[in-house]
Every structure is written in C-alpha cells, then in structure tokens.
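The next block holds one structure in the form of structure tokens; read it before the comments.
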Number of protein chains: 2
Amino acid sequence: MPKLYGIGVGPGDPELMTLKALKILERVEILFVPKSGVGLCIALDIVKKAINKDFRIVKLYFPMTKDKRKLEEHWDIASKAVEEALKDGSEGAFITLGDPLFYSTFSYLMPRILDLGIDIEVIPGVTSISSCSASHRITLVAGDEKLAVIPAAYGLENLEHIAEEFDTVVLIKVSRNYNKIVDKIKELGLEEKALFMSRCGGEGFRAERLEEKGERNVDYLSMIIIR
Amino acid sequence: MPKLYGIGVGPGDPELMTLKALKILERVEILFVPKSGVGLCIALDIVKKAINKDFRIVKLYFPMTKDKRKLEEHWDIASKAVEEALKDGSEGAFITLGDPLFYSTFSYLMPRILDLGIDIEVIPGVTSISSCSASHRITLVAGDEKLAVIPAAYGLENLEHIAEEFDTVVLIKVSRNYNKIVDKIKELGLEEKALFMSRCGGEGFRAERLEEKGERNVDYLSMIIIR
C-alpha cells in the first residue's frame, strides 16, 4: 500500500533532524521536494548533508502567490504527481524545513493525498522558532506565559493589543515589508523588547537588537521576537 | 571549562529525539534531571529508552508552587548543585521533555547557571504541540494564520477575544481545572472546533472531540487545540 511520510527535517543543522526522520529517509527511495523560492534548497540541502544517498527526487511546484485558484491548481497537480510516483505501492517522503504542520506547504498537500486514499504519517520536527531561542539562549515562554506567533508579512493591525496580552510575540516571515514592520514596532515603543534573528541554527546565523543600526540581511527565515 | 547542555529530548517517543541530543547524551557522564511531579519520569524514561548507559544522575528539585520566594530558593539550590557537579570542568546535560525554552523549568535555571560563569548550550527539541498535530494529522498553522499558545490552568479571561483574533489556539496545562476549561469552551460555543489530546506521540496516546462523552484520563501533558 502506498504511503507518504511528511517529514520535518528541522531548522537547518542536519543534526537537529530526529532519529525517526533519519531512519525513514534512509529507507525510502522517493523524495518529494517542495519548490517555492528558498525553501527548496534548504530542506534538500539538510537531507543531503545528513544522508549520502541517491534519492529519486520528485519536485513539487508551489507558486508563491495569493491567487487561491492558481494555488489550488498547483496543489492538485502536486498531489497527482505524488499519486503517480507511489502508484506501485511505494513509500515516499515529503520533506519540509522545520515541522510539516507548522507553516509548511505540506498542510495544503495533506488533505488531497488523504482524499486519494494514500496513507500519511507525519514526523514532527524542531521549528525555526525553537532553534532561534536555543541559539540565543532566550526563553520563548515559561510558566504561565502566553505565546503568539504571527506571520508579519500580512499586516500587523492588532500588534499593540497582542503585545499587551501575550508575554512573547514571534513575528515570522518578516522579509517582505521588513522596514514597515520595524517602523510599526518602533511606533509602538516595542523596539527595546525586540530581537531580530536570521537563519537561526543554520549557516549565516545572526541576531541583533532591533534598535541597532546597519544594513540587515533579511531572508525568508528571519524572525523578530518581542519579549 | 565546565559546560551545561540544556537538552530537549522531544515529546515522548525516543525516536523523536534529535541526532544532536543523542550524540551529546552518549558523551556526557552527568545527567541533571528536573524533579517536579510527572516531568521527572518522562524525560529520564525517554533517555533510558534511547541510550543504554549508566549516567551519574543528579536530581534537581523544582517544587510545584506559586510561592515565588520558595521557587527562587529552589532554583538557587539547583544551580549550586549544578556548579558543584561540574566544578572539575566536566560537561553535564539537563534533560527536559519537549524543548528546553518552551515551558520548561530550564528557563529558570539557565540565567543562574550563566551568572555562575558556566557555559550553556541549548539543544532545541520537538514540542508536544508539534507531536500532537502530527499524531492527528491536524495542521497547527499554515500560510498567514496566527497561533496562540495559552497555559490554561491560570485562567482564560480573554479566550473569546483570542479565539476571534487567532486561527489556532492551543491550550496547554489543562489537567488542573479541566472541567472549568471545558465549560468555558462550551460557553463560548467553541466545542465543535476543539480537540482534546493527551500524551501525544507517547504511550497511552489518545484524542477525542471535546463534545464526545465519557470520562477522560486528563494528564499533565494533555492539551486542547481550538481550530
């Protein structure tokens, strides 16, 4: 019976992959790789660093657009490609940076694959948020504290209010509109509580207080923690 | 030079430990184990299942109290015990269920250890939240969705408002006041969106819709996802 593993390969360092992820990747022949901007190279690079093996790689294209019809069309194409590749009863693995059900394209693919009658097992992974807090030895949340995670690229209308209610606010996807986001944080007087971080746990890892000057290398994996 | 690793051993399944955690645990001799109710057995059990080795185990007692003075006293005692155990320049590992900086007692120990001039490296782990969503193949968050994580034992005054603002609300620490929490969720008409989960990814794992009847085995690791 065909089976698809949704595998979180962790935040960047191949050693932050789980034993279970490694074991499954050592066994399967087919690797489904999401292709959408930066994501592709990173998840596949992590696997290649961890395992020296020739996979049969099937690239699944997920365009970076907000056009819902276009997206659904591509998710359907992708799920058909998975079905086709697994039709002889094979097992395959869809790899994703971080965790498969935490801001990953896997969430869009999963229901379609299940509809096609293909079994799915999800292997959770270490998120980039955990990796960032570990790299900086900054507590994410403790005790009775509340945590909010917000994709900042889509607007920050209620940030003031959320920052009052929550002890820690993590802004992800800050590369688009980065300057606007920083302006908003400064406007709310939160800049002293904010820490900018990029590629935590991976290569090129860095962090700085938001109020520090200088050009920033803002990438897809950058985030800002307000605490 | 003495060094303390803060190691997240993941949510329960020993295979959900990272390669890095395993590598460090295979090397160090001293294991610091937080002792506070259920936590002790689980983190240590995970390590014992993953590694067949005789560690020198140092138990650190963290009482489950809200008395801040009492807590600080115990954290100070714990950090002195770590200093004492590592004084000859050894390396040791503090193990914690899930991730060390995500609702772990390690957050209270860490600044004290750093103040004592002992180096710390934090190894992030897979959280119970990721494990729960993986076990159930439920997307935690995707795309532009917002996530809130709330320790429910301390009151849910603003739950209605938070559930409006956030796409996914994860209530953790639901074992204390479980019935009150369920009443609150029902009062707000959110029960159809809520899923109760316990011991995700570990032994005794189960999940059910909140509206289903029957006695529940609510444990320390139980959580409710509202989505």
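By convention here, the chains of the structure tokens are called A, B, ... in the order presented, each chain's residues are numbered starting at 1, and ligands are numbered starting at 1 in the order presented.
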
Excluding Gly143 in chain A and any residue of its chain fewer than 6 positions from it, enumerate the residues within 10 Å of it, using only C-alpha atoms, and give them as a PDB file with N, CA, C and O atoms, in the first residue's frame.
```pdb
ATOM      1  N   LYS B  66       3.325  28.276  43.603  1.00  0.00           N
ATOM      2  CA  LYS B  66       3.326  29.626  43.022  1.00  0.00           C
ATOM      3  C   LYS B  66       4.065  30.604  43.929  1.00  0.00           C
ATOM      4  O   LYS B  66       4.219  31.771  43.595  1.00  0.00           O
ATOM      5  N   PHE B 102      10.748  26.185  25.940  1.00  0.00           N
ATOM      6  CA  PHE B 102       9.305  26.249  25.680  1.00  0.00           C
ATOM      7  C   PHE B 102       8.582  25.573  26.854  1.00  0.00           C
ATOM      8  O   PHE B 102       8.454  24.353  26.882  1.00  0.00           O
ATOM      9  N   TYR B 103       8.217  26.385  27.844  1.00  0.00           N
ATOM     10  CA  TYR B 103       7.529  25.900  29.046  1.00  0.00           C
ATOM     11  C   TYR B 103       8.316  24.819  29.783  1.00  0.00           C
ATOM     12  O   TYR B 103       7.789  23.748  30.088  1.00  0.00           O
ATOM     13  N   SER B 104       9.589  25.100  30.041  1.00  0.00           N
ATOM     14  CA  SER B 104      10.414  24.159  30.793  1.00  0.00           C
ATOM     15  C   SER B 104      11.043  24.853  31.994  1.00  0.00           C
ATOM     16  O   SER B 104      11.303  26.062  31.960  1.00  0.00           O
ATOM     17  N   THR B 105      11.290  24.096  33.051  1.00  0.00           N
ATOM     18  CA  THR B 105      11.970  24.662  34.214  1.00  0.00           C
ATOM     19  C   THR B 105      13.393  25.120  33.876  1.00  0.00           C
ATOM     20  O   THR B 105      13.988  25.895  34.612  1.00  0.00           O
ATOM     21  N   SER B 107      14.312  27.219  31.860  1.00  0.00           N
ATOM     22  CA  SER B 107      14.331  28.680  31.724  1.00  0.00           C
ATOM     23  C   SER B 107      14.672  29.382  33.028  1.00  0.00           C
ATOM     24  O   SER B 107      15.217  30.477  33.023  1.00  0.00           O
ATOM     25  N   TYR B 108      14.315  28.786  34.141  1.00  0.00           N
ATOM     26  CA  TYR B 108      14.596  29.403  35.436  1.00  0.00           C
ATOM     27  C   TYR B 108      16.020  29.104  35.885  1.00  0.00           C
ATOM     28  O   TYR B 108      16.660  29.885  36.571  1.00  0.00           O
ATOM     29  N   PRO B 151      -1.291  28.713  28.529  1.00  0.00           N
ATOM     30  CA  PRO B 151      -1.365  27.769  29.658  1.00  0.00           C
ATOM     31  C   PRO B 151      -2.710  27.985  30.350  1.00  0.00           C
ATOM     32  O   PRO B 151      -2.933  29.014  30.979  1.00  0.00           O
ATOM     33  N   TYR B 154      -4.130  28.829  34.338  1.00  0.00           N
ATOM     34  CA  TYR B 154      -4.048  30.114  35.036  1.00  0.00           C
ATOM     35  C   TYR B 154      -5.176  31.074  34.681  1.00  0.00           C
ATOM     36  O   TYR B 154      -5.084  32.258  34.907  1.00  0.00           O
ATOM     37  N   LYS B 173      -1.474  22.631  29.611  1.00  0.00           N
ATOM     38  CA  LYS B 173      -1.655  22.528  31.070  1.00  0.00           C
ATOM     39  C   LYS B 173      -3.139  22.557  31.443  1.00  0.00           C
ATOM     40  O   LYS B 173      -3.557  23.374  32.275  1.00  0.00           O
TER      41      LYS B 173
END
```

Quick one: which residues from chain B are at most 6 Å off chain A, using only C-alpha atoms, as a short mmCIF file (atom, residue, chain, number, x, y, z; two decimals) with C-alpha atoms, in the first residue's frame?
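Result file out.cif:
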```
data_model
loop_
_atom_site.label_atom_id
_atom_site.label_comp_id
_atom_site.auth_asym_id
_atom_site.auth_seq_id
_atom_site.Cartn_x
_atom_site.Cartn_y
_atom_site.Cartn_z
CA GLU B 15 12.98 8.36 18.12
CA LEU B 16 11.77 11.95 18.15
CA MET B 17 14.99 12.94 19.89
CA THR B 18 17.41 14.82 17.61
CA LEU B 19 20.71 13.37 16.41
CA LYS B 20 22.48 16.14 18.30
CA LEU B 101 12.97 27.02 26.29
CA PHE B 102 9.30 26.25 25.68
CA TYR B 103 7.53 25.90 29.05
CA SER B 107 14.33 28.68 31.72
CA VAL B 122 20.79 24.70 24.36
CA PRO B 124 16.15 22.51 20.86
CA GLY B 125 13.64 19.69 20.73
CA VAL B 126 10.34 18.73 19.14
CA SER B 130 4.12 19.56 17.11
CA SER B 131 3.83 15.93 18.16
CA ALA B 134 1.49 15.21 13.73
CA THR B 139 -2.43 21.44 10.67
CA LEU B 140 -1.28 23.65 13.50
CA VAL B 141 -0.93 26.78 11.37
CA ALA B 142 -0.36 27.48 7.68
CA GLY B 143 0.05 30.46 5.39
CA ASP B 144 -0.98 33.70 7.06
CA LYS B 146 -1.88 33.20 13.62
CA LEU B 147 -1.13 30.86 16.51
CA ALA B 148 -1.73 31.42 20.23
CA VAL B 149 -0.44 29.12 22.96
CA ILE B 150 -2.04 29.59 26.37
CA PRO B 151 -1.36 27.77 29.66
#
```

So that I can check the secondary structure, give me every residue of range 56-144 of chain A assigned strand (DSSP E) by backbone DSSP, as a count of residues only. 17

Taking the backbone alone, and naming residues the way the document does, which bits of range 78-210 of chain A are alpha helix (DSSP H) by DSSP, as a short mmCIF file (atom, residue, chain, number, x, y, z; two decimals) with all heavy atoms, in the first residue's frame?
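The result, stored in result.cif:
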```cif
data_model
loop_
_atom_site.label_atom_id
_atom_site.label_comp_id
_atom_site.auth_asym_id
_atom_site.auth_seq_id
_atom_site.Cartn_x
_atom_site.Cartn_y
_atom_site.Cartn_z
N ALA A 78 0.31 18.74 -7.79
CA ALA A 78 1.30 18.13 -6.89
C ALA A 78 0.80 16.80 -6.32
O ALA A 78 1.53 15.81 -6.27
CB ALA A 78 1.66 19.10 -5.76
N SER A 79 -0.47 16.78 -5.89
CA SER A 79 -0.98 15.55 -5.29
C SER A 79 -1.09 14.43 -6.33
O SER A 79 -0.85 13.26 -6.02
CB SER A 79 -2.31 15.79 -4.57
OG SER A 79 -3.23 16.43 -5.41
N LYS A 80 -1.40 14.81 -7.57
CA LYS A 80 -1.44 13.82 -8.65
C LYS A 80 -0.03 13.26 -8.91
O LYS A 80 0.13 12.07 -9.19
CB LYS A 80 -1.98 14.45 -9.94
CG LYS A 80 -3.46 14.77 -9.91
CD LYS A 80 -4.31 13.51 -10.02
CE LYS A 80 -5.79 13.83 -9.79
NZ LYS A 80 -6.59 12.64 -9.56
N ALA A 81 0.96 14.13 -8.81
CA ALA A 81 2.35 13.69 -9.02
C ALA A 81 2.77 12.72 -7.92
O ALA A 81 3.48 11.74 -8.18
CB ALA A 81 3.28 14.91 -9.04
N VAL A 82 2.31 12.97 -6.70
CA VAL A 82 2.61 12.05 -5.59
C VAL A 82 1.93 10.70 -5.84
O VAL A 82 2.55 9.64 -5.72
CB VAL A 82 2.14 12.65 -4.23
CG1 VAL A 82 2.27 11.62 -3.10
CG2 VAL A 82 2.93 13.91 -3.90
N GLU A 83 0.66 10.76 -6.24
CA GLU A 83 -0.09 9.54 -6.52
C GLU A 83 0.60 8.70 -7.60
O GLU A 83 0.78 7.48 -7.46
CB GLU A 83 -1.52 9.90 -6.98
CG GLU A 83 -2.42 8.69 -7.15
CD GLU A 83 -3.80 9.10 -7.69
OE1 GLU A 83 -3.91 10.05 -8.48
OE2 GLU A 83 -4.78 8.44 -7.30
N GLU A 84 1.00 9.38 -8.64
CA GLU A 84 1.66 8.72 -9.77
C GLU A 84 2.96 8.04 -9.31
O GLU A 84 3.22 6.89 -9.64
CB GLU A 84 1.95 9.76 -10.87
CG GLU A 84 2.74 9.27 -12.08
CD GLU A 84 2.00 8.23 -12.90
OE1 GLU A 84 0.75 8.19 -12.83
OE2 GLU A 84 2.68 7.43 -13.61
N ALA A 85 3.74 8.76 -8.52
CA ALA A 85 5.04 8.23 -8.09
C ALA A 85 4.90 7.04 -7.12
O ALA A 85 5.78 6.18 -7.07
CB ALA A 85 5.86 9.34 -7.43
N LEU A 86 3.80 7.02 -6.38
CA LEU A 86 3.62 5.96 -5.37
C LEU A 86 2.67 4.86 -5.83
O LEU A 86 2.33 3.96 -5.05
CB LEU A 86 3.09 6.56 -4.06
CG LEU A 86 3.90 7.66 -3.37
CD1 LEU A 86 3.21 8.11 -2.09
CD2 LEU A 86 5.33 7.19 -3.06
N PHE A 106 3.12 21.53 3.25
CA PHE A 106 2.60 20.18 3.43
C PHE A 106 1.13 20.19 3.87
O PHE A 106 0.36 19.28 3.53
CB PHE A 106 3.45 19.42 4.47
CG PHE A 106 3.06 17.98 4.60
CD1 PHE A 106 3.29 17.09 3.57
CD2 PHE A 106 2.43 17.51 5.74
CE1 PHE A 106 2.92 15.76 3.67
CE2 PHE A 106 2.04 16.19 5.85
CZ PHE A 106 2.29 15.31 4.81
N SER A 107 0.74 21.21 4.62
CA SER A 107 -0.64 21.33 5.08
C SER A 107 -1.64 21.39 3.94
O SER A 107 -2.78 20.98 4.08
CB SER A 107 -0.80 22.59 5.94
OG SER A 107 -0.20 22.39 7.19
N TYR A 108 -1.23 21.93 2.82
CA TYR A 108 -2.14 22.03 1.67
C TYR A 108 -2.18 20.72 0.90
O TYR A 108 -3.18 20.35 0.31
CB TYR A 108 -1.71 23.18 0.75
CG TYR A 108 -1.65 24.50 1.49
CD1 TYR A 108 -0.43 25.13 1.75
CD2 TYR A 108 -2.81 25.09 1.98
CE1 TYR A 108 -0.39 26.32 2.44
CE2 TYR A 108 -2.78 26.28 2.68
CZ TYR A 108 -1.56 26.89 2.90
OH TYR A 108 -1.51 28.07 3.61
N LEU A 109 -1.07 20.03 0.90
CA LEU A 109 -0.97 18.76 0.17
C LEU A 109 -1.68 17.63 0.94
O LEU A 109 -2.35 16.79 0.33
CB LEU A 109 0.52 18.42 0.00
CG LEU A 109 0.87 17.30 -0.97
CD1 LEU A 109 0.49 17.69 -2.39
CD2 LEU A 109 2.36 16.98 -0.89
N MET A 110 -1.54 17.64 2.24
CA MET A 110 -2.01 16.51 3.07
C MET A 110 -3.46 16.09 2.83
O MET A 110 -3.71 14.91 2.55
CB MET A 110 -1.77 16.84 4.55
CG MET A 110 -2.13 15.70 5.50
SD MET A 110 -1.57 16.04 7.19
CE MET A 110 -2.58 17.46 7.64
N PRO A 111 -4.44 17.01 2.89
CA PRO A 111 -5.83 16.56 2.71
C PRO A 111 -6.08 15.97 1.32
O PRO A 111 -6.86 15.03 1.17
CB PRO A 111 -6.65 17.84 2.92
CG PRO A 111 -5.69 18.97 2.75
CD PRO A 111 -4.36 18.45 3.16
N ARG A 112 -5.39 16.49 0.33
CA ARG A 112 -5.55 15.98 -1.04
C ARG A 112 -5.01 14.55 -1.15
O ARG A 112 -5.61 13.69 -1.80
CB ARG A 112 -4.84 16.90 -2.03
CG ARG A 112 -5.58 18.23 -2.20
CD ARG A 112 -4.79 19.23 -2.98
NE ARG A 112 -5.62 20.37 -3.35
CZ ARG A 112 -5.92 21.38 -2.55
NH1 ARG A 112 -5.45 21.41 -1.31
NH2 ARG A 112 -6.70 22.37 -2.96
N ILE A 113 -3.89 14.31 -0.53
CA ILE A 113 -3.28 12.97 -0.57
C ILE A 113 -4.17 11.97 0.16
O ILE A 113 -4.38 10.84 -0.31
CB ILE A 113 -1.87 13.00 0.08
CG1 ILE A 113 -0.94 13.96 -0.68
CG2 ILE A 113 -1.26 11.60 0.16
CD1 ILE A 113 -0.63 13.56 -2.08
N LEU A 114 -4.71 12.38 1.31
CA LEU A 114 -5.61 11.50 2.05
C LEU A 114 -6.87 11.20 1.21
O LEU A 114 -7.35 10.08 1.19
CB LEU A 114 -6.00 12.14 3.39
CG LEU A 114 -4.88 12.22 4.44
CD1 LEU A 114 -5.30 13.08 5.63
CD2 LEU A 114 -4.47 10.82 4.93
N ASP A 115 -7.37 12.21 0.50
CA ASP A 115 -8.53 12.02 -0.38
C ASP A 115 -8.25 10.99 -1.47
O ASP A 115 -9.16 10.32 -1.95
CB ASP A 115 -8.94 13.34 -1.05
CG ASP A 115 -9.77 14.22 -0.11
OD1 ASP A 115 -10.18 13.71 0.95
OD2 ASP A 115 -9.99 15.40 -0.44
N SER A 128 11.97 26.45 13.51
CA SER A 128 12.99 27.51 13.49
C SER A 128 12.84 28.41 14.72
O SER A 128 13.82 29.00 15.17
CB SER A 128 12.87 28.33 12.21
OG SER A 128 11.56 28.81 12.06
N ILE A 129 11.65 28.48 15.26
CA ILE A 129 11.44 29.30 16.46
C ILE A 129 12.17 28.70 17.66
O ILE A 129 12.86 29.41 18.40
CB ILE A 129 9.92 29.44 16.75
CG1 ILE A 129 9.27 30.25 15.62
CG2 ILE A 129 9.68 30.10 18.10
CD1 ILE A 129 7.77 30.41 15.76
N SER A 130 12.05 27.39 17.84
CA SER A 130 12.81 26.74 18.93
C SER A 130 14.30 26.89 18.70
O SER A 130 15.07 27.12 19.63
CB SER A 130 12.46 25.24 18.98
OG SER A 130 11.21 25.04 19.60
N SER A 131 14.71 26.75 17.44
CA SER A 131 16.13 26.86 17.12
C SER A 131 16.66 28.26 17.41
O SER A 131 17.75 28.43 17.95
CB SER A 131 16.33 26.51 15.64
OG SER A 131 17.64 26.77 15.25
N CYS A 132 15.87 29.28 17.06
CA CYS A 132 16.28 30.66 17.33
C CYS A 132 16.42 30.90 18.82
O CYS A 132 17.41 31.48 19.26
CB CYS A 132 15.22 31.63 16.78
SG CYS A 132 15.59 32.21 15.14
N SER A 133 15.44 30.47 19.59
CA SER A 133 15.53 30.75 21.02
C SER A 133 16.70 29.98 21.64
O SER A 133 17.39 30.50 22.53
CB SER A 133 14.21 30.46 21.74
OG SER A 133 13.84 29.12 21.63
N ALA A 134 16.97 28.77 21.13
CA ALA A 134 18.11 28.00 21.64
C ALA A 134 19.44 28.67 21.30
O ALA A 134 20.31 28.81 22.15
CB ALA A 134 18.08 26.58 21.06
N SER A 135 19.58 29.12 20.05
CA SER A 135 20.83 29.76 19.62
C SER A 135 21.17 30.96 20.50
O SER A 135 22.32 31.23 20.78
CB SER A 135 20.71 30.26 18.18
OG SER A 135 20.46 29.20 17.30
N HIS A 136 20.12 31.67 20.91
CA HIS A 136 20.32 32.90 21.66
C HIS A 136 20.14 32.73 23.16
O HIS A 136 20.24 33.70 23.89
CB HIS A 136 19.35 33.96 21.17
CG HIS A 136 19.65 34.32 19.77
ND1 HIS A 136 20.69 35.12 19.44
CD2 HIS A 136 19.11 33.90 18.62
CE1 HIS A 136 20.76 35.21 18.14
NE2 HIS A 136 19.81 34.47 17.61
N LEU A 159 -1.09 44.48 16.50
CA LEU A 159 0.14 44.15 17.23
C LEU A 159 0.18 44.78 18.62
O LEU A 159 0.59 44.13 19.59
CB LEU A 159 1.38 44.55 16.41
CG LEU A 159 2.71 44.22 17.07
CD1 LEU A 159 2.84 42.72 17.30
CD2 LEU A 159 3.88 44.72 16.23
N GLU A 160 -0.24 46.03 18.74
CA GLU A 160 -0.19 46.71 20.03
C GLU A 160 -0.95 45.92 21.10
O GLU A 160 -0.45 45.62 22.17
CB GLU A 160 -0.78 48.12 19.91
CG GLU A 160 -0.77 48.88 21.25
CD GLU A 160 -1.10 50.34 21.06
OE1 GLU A 160 -1.69 50.70 20.02
OE2 GLU A 160 -0.76 51.14 21.96
N HIS A 161 -2.14 45.60 20.72
CA HIS A 161 -3.04 44.87 21.59
C HIS A 161 -2.51 43.45 21.91
O HIS A 161 -2.54 43.00 23.05
CB HIS A 161 -4.39 44.82 20.87
CG HIS A 161 -5.32 43.88 21.46
ND1 HIS A 161 -6.04 44.17 22.58
CD2 HIS A 161 -5.61 42.61 21.12
CE1 HIS A 161 -6.77 43.13 22.89
NE2 HIS A 161 -6.53 42.16 22.03
N ILE A 162 -1.99 42.79 20.88
CA ILE A 162 -1.46 41.43 21.07
C ILE A 162 -0.23 41.46 21.98
O ILE A 162 -0.05 40.61 22.84
CB ILE A 162 -1.13 40.78 19.69
CG1 ILE A 162 -2.44 40.48 18.94
CG2 ILE A 162 -0.32 39.50 19.87
CD1 ILE A 162 -2.26 40.05 17.49
N ALA A 163 0.61 42.47 21.81
CA ALA A 163 1.81 42.59 22.63
C ALA A 163 1.47 42.86 24.09
O ALA A 163 2.26 42.56 24.99
CB ALA A 163 2.73 43.68 22.07
N GLU A 164 0.30 43.44 24.32
CA GLU A 164 -0.14 43.66 25.71
C GLU A 164 -0.63 42.35 26.34
O GLU A 164 -0.38 42.07 27.50
CB GLU A 164 -1.28 44.69 25.76
CG GLU A 164 -0.79 46.12 25.80
CD GLU A 164 -1.92 47.11 25.51
OE1 GLU A 164 -3.10 46.76 25.67
OE2 GLU A 164 -1.60 48.24 25.09
N GLU A 165 -1.33 41.57 25.53
CA GLU A 165 -1.97 40.33 26.01
C GLU A 165 -0.97 39.18 26.16
O GLU A 165 -1.10 38.36 27.05
CB GLU A 165 -3.07 39.95 25.01
CG GLU A 165 -3.77 38.65 25.27
CD GLU A 165 -4.82 38.75 26.36
OE1 GLU A 165 -5.47 39.80 26.46
OE2 GLU A 165 -4.97 37.77 27.13
N TYR A 178 9.86 44.36 5.54
CA TYR A 178 10.68 44.43 6.74
C TYR A 178 10.72 45.83 7.35
O TYR A 178 10.53 46.00 8.56
CB TYR A 178 12.11 43.94 6.46
CG TYR A 178 13.01 44.04 7.67
CD1 TYR A 178 12.87 43.14 8.72
CD2 TYR A 178 13.95 45.06 7.79
CE1 TYR A 178 13.66 43.24 9.85
CE2 TYR A 178 14.73 45.17 8.92
CZ TYR A 178 14.59 44.26 9.95
OH TYR A 178 15.36 44.36 11.07
N ASN A 179 10.95 46.83 6.51
CA ASN A 179 11.06 48.20 7.03
C ASN A 179 9.75 48.68 7.66
O ASN A 179 9.76 49.34 8.71
CB ASN A 179 11.51 49.16 5.93
CG ASN A 179 12.98 48.90 5.57
OD1 ASN A 179 13.77 48.51 6.42
ND2 ASN A 179 13.31 49.08 4.29
N LYS A 180 8.64 48.32 7.03
CA LYS A 180 7.33 48.69 7.58
C LYS A 180 7.12 48.05 8.96
O LYS A 180 6.57 48.66 9.87
CB LYS A 180 6.20 48.21 6.65
CG LYS A 180 5.83 49.20 5.58
CD LYS A 180 4.54 48.76 4.89
CE LYS A 180 4.26 49.63 3.68
NZ LYS A 180 3.18 49.07 2.83
N ILE A 181 7.54 46.80 9.07
CA ILE A 181 7.39 46.08 10.34
C ILE A 181 8.20 46.74 11.44
O ILE A 181 7.72 46.96 12.55
CB ILE A 181 7.80 44.59 10.16
CG1 ILE A 181 6.82 43.88 9.21
CG2 ILE A 181 7.85 43.87 11.51
CD1 ILE A 181 7.32 42.55 8.67
N VAL A 182 9.44 47.09 11.10
CA VAL A 182 10.31 47.75 12.08
C VAL A 182 9.72 49.11 12.48
O VAL A 182 9.71 49.46 13.67
CB VAL A 182 11.75 47.91 11.52
CG1 VAL A 182 12.58 48.79 12.44
CG2 VAL A 182 12.40 46.54 11.37
N ASP A 183 9.20 49.84 11.50
CA ASP A 183 8.57 51.13 11.81
C ASP A 183 7.40 50.95 12.79
O ASP A 183 7.25 51.71 13.75
CB ASP A 183 8.05 51.80 10.52
CG ASP A 183 9.21 52.35 9.68
OD1 ASP A 183 10.33 52.42 10.20
OD2 ASP A 183 8.98 52.69 8.50
N LYS A 184 6.62 49.93 12.53
CA LYS A 184 5.46 49.65 13.38
C LYS A 184 5.90 49.32 14.81
O LYS A 184 5.32 49.82 15.78
CB LYS A 184 4.69 48.45 12.79
CG LYS A 184 3.45 48.05 13.54
CD LYS A 184 2.29 49.01 13.27
CE LYS A 184 1.05 48.62 14.07
NZ LYS A 184 -0.01 49.62 13.94
N ILE A 185 6.94 48.50 14.93
CA ILE A 185 7.46 48.13 16.25
C ILE A 185 7.97 49.35 17.00
O ILE A 185 7.73 49.53 18.19
CB ILE A 185 8.56 47.05 16.10
CG1 ILE A 185 7.93 45.72 15.66
CG2 ILE A 185 9.33 46.87 17.40
CD1 ILE A 185 8.93 44.67 15.26
N LYS A 186 8.67 50.22 16.27
CA LYS A 186 9.19 51.45 16.89
C LYS A 186 8.06 52.39 17.30
O LYS A 186 8.09 53.00 18.37
CB LYS A 186 10.15 52.15 15.92
CG LYS A 186 11.46 51.38 15.79
CD LYS A 186 12.51 52.14 14.99
CE LYS A 186 13.83 51.39 15.05
NZ LYS A 186 14.84 51.94 14.13
N GLU A 187 7.07 52.49 16.42
CA GLU A 187 5.90 53.34 16.68
C GLU A 187 5.21 52.91 17.99
O GLU A 187 4.72 53.75 18.74
CB GLU A 187 4.95 53.17 15.49
CG GLU A 187 3.73 54.06 15.46
CD GLU A 187 2.75 53.56 14.38
OE1 GLU A 187 3.20 53.27 13.25
OE2 GLU A 187 1.55 53.42 14.69
#
```

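Coordinates place CA of Gly12 in chain A at a distance of 7.7 Å from CA of Ala43 in chain A.
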
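Note that the spacing between CA of Asp54 in chain A and CA of Glu26 in chain A amounts to 10.3 Å.
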
Quiz item: What lies within 8 Å of Gly89 in chain B using only C-alpha atoms, ignoring chain neighbours under 2 positions off, as an MDAnalysis selection string?
Solution: chainID B and resid 1:3 86:87 91

For the selection you just gave me, I'd like the residues written to a file as an mmCIF file, in the first residue's frame, keeping C-alpha atoms.
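Written file, again_21.cif:
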```cif
data_model
loop_
_atom_site.group_PDB
_atom_site.id
_atom_site.type_symbol
_atom_site.label_atom_id
_atom_site.label_comp_id
_atom_site.auth_asym_id
_atom_site.auth_seq_id
_atom_site.Cartn_x
_atom_site.Cartn_y
_atom_site.Cartn_z
ATOM 1 C CA MET B 1 35.867 24.525 31.398
ATOM 2 C CA PRO B 2 32.514 23.326 32.799
ATOM 3 C CA LYS B 3 29.634 23.266 30.368
ATOM 4 C CA LEU B 86 30.629 20.413 37.156
ATOM 5 C CA LYS B 87 33.357 22.069 39.264
ATOM 6 C CA GLU B 91 30.210 18.560 30.949
#
```

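CA of Tyr61 in chain B lies 22.8 Å from CA of Ser222 in chain B.
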
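Omitting Phe55 in chain B and its sequence neighbours fewer than 6 positions away, and counting only C-alpha atoms, the residues within 9 Å are Val28, Glu29, Ile30 and Leu31 of chain B.
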
Serialized selection, N, CA, C and O atoms, as a short mmCIF file (atom, residue, chain, number, x, y, z; two decimals), in the first residue's frame:
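The resulting selection-v3.cif:
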```
data_model
loop_
_atom_site.label_atom_id
_atom_site.label_comp_id
_atom_site.auth_asym_id
_atom_site.auth_seq_id
_atom_site.Cartn_x
_atom_site.Cartn_y
_atom_site.Cartn_z
N VAL B 28 28.23 12.72 27.50
CA VAL B 28 28.32 13.24 28.87
C VAL B 28 28.11 12.14 29.92
O VAL B 28 27.46 11.13 29.66
N GLU B 29 28.69 12.39 31.09
CA GLU B 29 28.56 11.43 32.19
C GLU B 29 27.45 11.83 33.16
O GLU B 29 26.80 11.00 33.76
N ILE B 30 27.29 13.16 33.30
CA ILE B 30 26.38 13.67 34.33
C ILE B 30 25.06 14.12 33.71
O ILE B 30 25.03 14.87 32.75
N LEU B 31 23.99 13.63 34.30
CA LEU B 31 22.66 13.97 33.82
C LEU B 31 21.91 14.70 34.94
O LEU B 31 21.73 14.15 36.03
#
```
